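Below is the file structure-v1.cif, which contains mmCIF, C-alpha atoms, pLDDT in the B column; chains and numbers go by the auth columns.
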```cif
data_entry
#
loop_
_atom_site.group_PDB
_atom_site.id
_atom_site.type_symbol
_atom_site.label_atom_id
_atom_site.label_comp_id
_atom_site.label_asym_id
_atom_site.label_seq_id
_atom_site.Cartn_x
_atom_site.Cartn_y
_atom_site.Cartn_z
_atom_site.B_iso_or_equiv
_atom_site.auth_seq_id
_atom_site.auth_asym_id
ATOM 1 C CA MET A 1 -67.242 191.352 53.855 57.00 1 A
ATOM 2 C CA ASP A 2 -65.650 189.507 56.751 62.00 2 A
ATOM 3 C CA THR A 3 -62.105 190.850 57.005 65.00 3 A
ATOM 4 C CA LEU A 4 -61.157 188.465 59.801 65.00 4 A
ATOM 5 C CA SER A 5 -60.993 185.577 57.337 68.00 5 A
ATOM 6 C CA TYR A 6 -58.139 187.263 55.448 73.00 6 A
ATOM 7 C CA LYS A 7 -55.785 187.664 58.379 78.00 7 A
ATOM 8 C CA THR A 8 -52.573 185.662 58.401 79.00 8 A
ATOM 9 C CA VAL A 9 -52.257 183.516 61.490 79.00 9 A
ATOM 10 C CA SER A 10 -48.708 183.078 62.752 85.00 10 A
ATOM 11 C CA ALA A 11 -47.823 180.192 65.009 86.00 11 A
ATOM 12 C CA ASN A 12 -46.437 180.895 68.449 88.00 12 A
ATOM 13 C CA LYS A 13 -45.214 178.842 71.376 86.00 13 A
ATOM 14 C CA GLN A 14 -48.731 178.229 72.683 89.00 14 A
ATOM 15 C CA THR A 15 -50.350 177.179 69.384 90.00 15 A
ATOM 16 C CA ILE A 16 -47.745 174.828 67.899 90.00 16 A
ATOM 17 C CA GLN A 17 -48.184 171.054 67.938 91.00 17 A
ATOM 18 C CA LYS A 18 -44.805 169.361 68.332 92.00 18 A
ATOM 19 C CA GLY A 19 -44.567 165.634 67.692 94.00 19 A
ATOM 20 C CA TRP A 20 -41.913 162.923 67.820 96.00 20 A
ATOM 21 C CA VAL A 21 -40.646 161.185 64.678 96.00 21 A
ATOM 22 C CA VAL A 22 -38.346 158.157 64.258 97.00 22 A
ATOM 23 C CA VAL A 23 -36.180 157.991 61.117 96.00 23 A
ATOM 24 C CA ASP A 24 -34.206 154.883 60.156 95.00 24 A
ATOM 25 C CA ALA A 25 -30.878 155.936 58.581 95.00 25 A
ATOM 26 C CA GLU A 26 -29.868 152.462 57.404 95.00 26 A
ATOM 27 C CA GLY A 27 -28.935 152.599 53.717 94.00 27 A
ATOM 28 C CA GLN A 28 -29.861 156.290 53.381 95.00 28 A
ATOM 29 C CA VAL A 29 -27.600 158.769 51.591 96.00 29 A
ATOM 30 C CA LEU A 30 -26.282 161.235 54.181 95.00 30 A
ATOM 31 C CA GLY A 31 -26.985 164.576 52.494 95.00 31 A
ATOM 32 C CA ARG A 32 -30.407 163.681 51.107 95.00 32 A
ATOM 33 C CA MET A 33 -31.545 162.308 54.444 96.00 33 A
ATOM 34 C CA CYS A 34 -30.223 165.306 56.400 96.00 34 A
ATOM 35 C CA THR A 35 -31.989 167.859 54.181 97.00 35 A
ATOM 36 C CA LYS A 36 -35.308 166.203 54.945 97.00 36 A
ATOM 37 C CA ILE A 37 -34.474 165.981 58.651 97.00 37 A
ATOM 38 C CA ALA A 38 -33.584 169.697 58.701 97.00 38 A
ATOM 39 C CA LYS A 39 -36.960 170.486 57.118 97.00 39 A
ATOM 40 C CA ILE A 40 -38.755 168.349 59.732 96.00 40 A
ATOM 41 C CA LEU A 41 -36.842 170.063 62.561 97.00 41 A
ATOM 42 C CA ARG A 42 -37.693 173.453 61.080 95.00 42 A
ATOM 43 C CA GLY A 43 -41.394 172.583 60.609 94.00 43 A
ATOM 44 C CA LYS A 44 -41.520 173.212 56.865 95.00 44 A
ATOM 45 C CA TYR A 45 -43.724 170.180 56.208 94.00 45 A
ATOM 46 C CA LYS A 46 -46.480 171.642 58.426 91.00 46 A
ATOM 47 C CA PRO A 47 -49.164 174.025 57.149 89.00 47 A
ATOM 48 C CA SER A 48 -48.636 176.262 60.203 88.00 48 A
ATOM 49 C CA PHE A 49 -44.944 176.918 59.429 91.00 49 A
ATOM 50 C CA THR A 50 -43.676 180.210 60.810 92.00 50 A
ATOM 51 C CA PRO A 51 -40.053 181.123 60.005 93.00 51 A
ATOM 52 C CA ASN A 52 -39.187 182.667 63.372 93.00 52 A
ATOM 53 C CA VAL A 53 -40.723 180.004 65.654 92.00 53 A
ATOM 54 C CA ASP A 54 -39.570 176.511 66.615 93.00 54 A
ATOM 55 C CA CYS A 55 -42.631 174.724 65.205 92.00 55 A
ATOM 56 C CA GLY A 56 -40.917 171.542 63.955 93.00 56 A
ATOM 57 C CA ASP A 57 -41.024 168.027 65.339 95.00 57 A
ATOM 58 C CA ASN A 58 -38.457 166.281 67.503 96.00 58 A
ATOM 59 C CA VAL A 59 -36.497 163.759 65.399 97.00 59 A
ATOM 60 C CA ILE A 60 -34.993 160.465 66.582 97.00 60 A
ATOM 61 C CA ILE A 61 -32.489 158.890 64.185 97.00 61 A
ATOM 62 C CA ILE A 62 -31.695 155.184 64.589 96.00 62 A
ATOM 63 C CA ASN A 63 -29.010 153.117 62.801 95.00 63 A
ATOM 64 C CA ALA A 64 -26.935 156.262 62.308 95.00 64 A
ATOM 65 C CA ALA A 65 -23.736 154.248 61.860 94.00 65 A
ATOM 66 C CA LYS A 66 -25.175 152.612 58.716 95.00 66 A
ATOM 67 C CA VAL A 67 -25.589 155.821 56.714 95.00 67 A
ATOM 68 C CA GLN A 68 -24.134 155.884 53.179 95.00 68 A
ATOM 69 C CA LEU A 69 -22.116 158.348 51.117 94.00 69 A
ATOM 70 C CA THR A 70 -21.913 158.079 47.345 93.00 70 A
ATOM 71 C CA GLY A 71 -18.660 157.990 45.419 94.00 71 A
ATOM 72 C CA ASN A 72 -15.403 158.353 47.329 96.00 72 A
ATOM 73 C CA LYS A 73 -16.700 161.068 49.662 95.00 73 A
ATOM 74 C CA TRP A 74 -15.797 159.110 52.809 95.00 74 A
ATOM 75 C CA ASN A 75 -12.151 160.139 52.298 95.00 75 A
ATOM 76 C CA ASP A 76 -12.250 162.961 49.705 96.00 76 A
ATOM 77 C CA ARG A 77 -14.616 165.356 51.495 95.00 77 A
ATOM 78 C CA ILE A 78 -12.955 167.482 54.167 96.00 78 A
ATOM 79 C CA TYR A 79 -14.608 169.302 57.060 94.00 79 A
ATOM 80 C CA ILE A 80 -12.462 172.201 58.299 94.00 80 A
ATOM 81 C CA ARG A 81 -12.645 173.823 61.726 93.00 81 A
ATOM 82 C CA TYR A 82 -10.445 176.367 63.441 96.00 82 A
ATOM 83 C CA THR A 83 -9.402 176.313 67.095 97.00 83 A
ATOM 84 C CA GLY A 84 -8.805 180.050 67.319 96.00 84 A
ATOM 85 C CA PHE A 85 -5.046 179.800 67.852 97.00 85 A
ATOM 86 C CA PRO A 86 -2.302 180.366 65.258 97.00 86 A
ATOM 87 C CA GLY A 87 -1.843 177.214 63.202 97.00 87 A
ATOM 88 C CA GLY A 88 -5.068 175.834 64.648 97.00 88 A
ATOM 89 C CA GLN A 89 -6.801 174.782 61.433 97.00 89 A
ATOM 90 C CA ARG A 90 -7.990 171.174 61.760 97.00 90 A
ATOM 91 C CA GLU A 91 -9.316 168.879 59.033 97.00 91 A
ATOM 92 C CA MET A 92 -11.512 165.798 59.348 95.00 92 A
ATOM 93 C CA THR A 93 -13.037 163.483 56.788 96.00 93 A
ATOM 94 C CA PRO A 94 -16.487 161.903 57.186 95.00 94 A
ATOM 95 C CA ALA A 95 -14.783 158.551 57.861 95.00 95 A
ATOM 96 C CA GLN A 96 -12.855 160.062 60.792 95.00 96 A
ATOM 97 C CA LEU A 97 -16.021 161.685 62.174 93.00 97 A
ATOM 98 C CA LEU A 98 -17.865 158.354 61.906 92.00 98 A
ATOM 99 C CA GLU A 99 -15.085 156.660 63.913 94.00 99 A
ATOM 100 C CA LYS A 100 -15.538 159.221 66.705 94.00 100 A
ATOM 101 C CA GLY A 101 -19.297 158.621 66.611 91.00 101 A
ATOM 102 C CA ALA A 102 -22.038 158.577 64.004 90.00 102 A
ATOM 103 C CA ASP A 103 -23.915 161.223 65.954 93.00 103 A
ATOM 104 C CA ARG A 104 -21.092 163.728 65.329 94.00 104 A
ATOM 105 C CA LEU A 105 -21.249 163.261 61.558 95.00 105 A
ATOM 106 C CA ILE A 106 -25.031 163.568 61.251 96.00 106 A
ATOM 107 C CA ARG A 107 -25.255 166.434 63.759 96.00 107 A
ATOM 108 C CA LYS A 108 -22.578 168.401 61.835 95.00 108 A
ATOM 109 C CA VAL A 109 -24.366 167.927 58.506 96.00 109 A
ATOM 110 C CA VAL A 110 -27.831 168.801 59.856 97.00 110 A
ATOM 111 C CA LYS A 111 -26.537 171.822 61.786 96.00 111 A
ATOM 112 C CA GLY A 112 -25.083 173.222 58.567 96.00 112 A
ATOM 113 C CA MET A 113 -28.566 173.139 57.024 97.00 113 A
ATOM 114 C CA LEU A 114 -30.286 175.033 59.853 96.00 114 A
ATOM 115 C CA PRO A 115 -30.366 178.819 60.382 96.00 115 A
ATOM 116 C CA LYS A 116 -27.190 180.321 61.842 97.00 116 A
ATOM 117 C CA ASN A 117 -28.843 182.095 64.767 96.00 117 A
ATOM 118 C CA ARG A 118 -30.473 181.396 68.143 96.00 118 A
ATOM 119 C CA LEU A 119 -33.341 179.569 66.446 95.00 119 A
ATOM 120 C CA GLY A 120 -30.918 177.182 64.751 96.00 120 A
ATOM 121 C CA ASP A 121 -29.175 176.558 68.073 96.00 121 A
ATOM 122 C CA ALA A 122 -32.531 175.673 69.631 96.00 122 A
ATOM 123 C CA LEU A 123 -33.596 173.462 66.708 96.00 123 A
ATOM 124 C CA ILE A 124 -30.485 171.257 66.809 97.00 124 A
ATOM 125 C CA ASN A 125 -31.407 170.327 70.392 97.00 125 A
ATOM 126 C CA ASN A 126 -34.552 168.617 69.010 96.00 126 A
ATOM 127 C CA LEU A 127 -32.374 166.023 67.234 97.00 127 A
ATOM 128 C CA PHE A 128 -31.600 162.726 68.971 97.00 128 A
ATOM 129 C CA ILE A 129 -29.169 160.316 67.280 96.00 129 A
ATOM 130 C CA PHE A 130 -28.578 156.651 68.128 95.00 130 A
ATOM 131 C CA GLU A 131 -25.993 154.454 66.404 93.00 131 A
ATOM 132 C CA GLY A 132 -27.959 151.229 66.840 92.00 132 A
ATOM 133 C CA ALA A 133 -31.522 150.141 66.160 92.00 133 A
ATOM 134 C CA GLU A 134 -32.683 150.784 69.742 92.00 134 A
ATOM 135 C CA HIS A 135 -33.508 154.130 71.339 93.00 135 A
ATOM 136 C CA ASN A 136 -34.626 155.175 74.814 93.00 136 A
ATOM 137 C CA MET A 137 -37.401 157.558 73.740 91.00 137 A
ATOM 138 C CA GLN A 138 -40.372 155.125 73.813 92.00 138 A
ATOM 139 C CA ALA A 139 -42.139 157.232 76.449 94.00 139 A
ATOM 140 C CA GLN A 140 -42.688 160.008 73.888 92.00 140 A
ATOM 141 C CA LYS A 141 -44.593 157.587 71.588 94.00 141 A
ATOM 142 C CA PRO A 142 -42.698 158.522 68.403 94.00 142 A
ATOM 143 C CA VAL A 143 -44.168 157.855 64.956 94.00 143 A
ATOM 144 C CA GLN A 144 -42.103 155.855 62.457 95.00 144 A
ATOM 145 C CA LEU A 145 -41.526 157.977 59.338 93.00 145 A
ATOM 146 C CA ASP A 146 -40.353 156.773 55.923 93.00 146 A
ATOM 147 C CA ILE A 147 -38.030 159.583 54.853 92.00 147 A
ATOM 148 C CA ASN A 148 -38.177 158.477 51.192 91.00 148 A
ATOM 149 C CA ASN A 149 -41.828 159.606 50.885 91.00 149 A
ATOM 150 C CA LEU A 150 -40.980 163.241 51.682 89.00 150 A
ATOM 151 C CA LYS A 151 -39.913 165.792 49.087 86.00 151 A
#
```
Turn this file's structure into structure tokens for me.
Amino acid sequence: MDTLSYKTVSANKQTIQKGWVVVDAEGQVLGRMCTKIAKILRGKYKPSFTPNVDCGDNVIIINAAKVQLTGNKWNDRIYIRYTGFPGGQREMTPAQLLEKGADRLIRKVVKGMLPKNRLGDALINNLFIFEGAEHNMQAQKPVQLDINNLK
């Protein structure tokens, strides 16, 4: 019996194949889109997924300002942060975050879906967000991805 065929192969920095993916956010629901983006960043759609390695693709999001939220969540949902000083609790709604920049809103939602450790900090750097339909990452030859076909 060949015991080498039963060994689990874990991906490492030398064996992973990272690609570039473009996702169009126009008309997409924020949370549903961001869960799929977090899975792409993590590498969970790849057969060589390894939990402790950055084996996901780099993601470019275009039309980020045209993302949707269902119901009245633009004003009812509240994101809370704390400055670290007494009385320093700050609240923001998704509408206020979108005014400051669509990249802030999407980055905050995706970061909450990634691991809370050094790997998660490294994975969020693979996310590039553009408010309009144009991006400056053509040199990487990204592949257009329809996010609705993923589970």
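Here the PyMOL selection byres ((chain A and resi 52) around 12) catches exactly these residues: Ser10, Ala11, Asn12, Lys13, Arg42, Gly43, Lys44, Ser48, Phe49, Thr50, Pro51, Val53, Asp54, Cys55, Gly56, Pro115, Asn117, Arg118, Leu119, Gly120, Ala122 and Leu123 of chain A.
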Review point. The PyMOL selection byres ((chain A and resi 143) around 6) on the file shown: which residues, as a count of residues only?
Key: 4
For this structure, which residues satisfy the selection - the PyMOL selection byres ((chain A and resi 27) around 9) - when it is evaluated on the file as given? I want them as a tab-separated table (two decimals) with C-alpha atoms, in the coordinates of the input.
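Result written to out_29.tsv:
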```
chain	number	residue	atom	x	y	z
A	24	ASP	CA	-34.21	154.88	60.16
A	25	ALA	CA	-30.88	155.94	58.58
A	26	GLU	CA	-29.87	152.46	57.40
A	28	GLN	CA	-29.86	156.29	53.38
A	29	VAL	CA	-27.60	158.77	51.59
A	66	LYS	CA	-25.18	152.61	58.72
A	67	VAL	CA	-25.59	155.82	56.71
A	68	GLN	CA	-24.13	155.88	53.18
```
Exercise for review: Find the residues with any atom within 10 Å of (-35.2, 167.7, 55.7); use only C-alpha atoms and the coordinates as given in the file, and write the answer as a count of residues only.
Suggested key: 21
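Among the candidate residues A:Ile61, A:Leu69, A:Leu98, A:Val109, the one lying nearest to A:Phe130 is A:Ile61, with distances computed using all atoms listed in the file.
For the pair atom CA of A:Gln14 and atom CA of A:Asp57, the interatomic distance is 14.7 Å.
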Check your understanding: Do you know which residues lie at most 7 Å from (-16.0, 167.7, 56.8), with coordinates as in the file and all atoms listed in the file counted, and could you write them as number ranges by chain?
Key -> A: 77-80, 92-94
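The residue that comes closest to A:Ala65, out of A:Glu134, A:Asp146, A:Asp121, A:Glu99 and on the basis of all atoms listed in the file, is A:Glu99.
With atom CA of A:Lys108 on one side and atom CA of A:Asn63 on the other, the separation reads 16.6 Å.
Closest approach to A:Ile129 among A:Gln89, A:Gln17, A:Thr8, A:Asn58: A:Asn58, based on only C-alpha atoms.
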Review point. How many Å lie between atom CA of A:Asn136 and atom CA of A:Thr15, rounded to one decimal?
Key: 27.6 Å
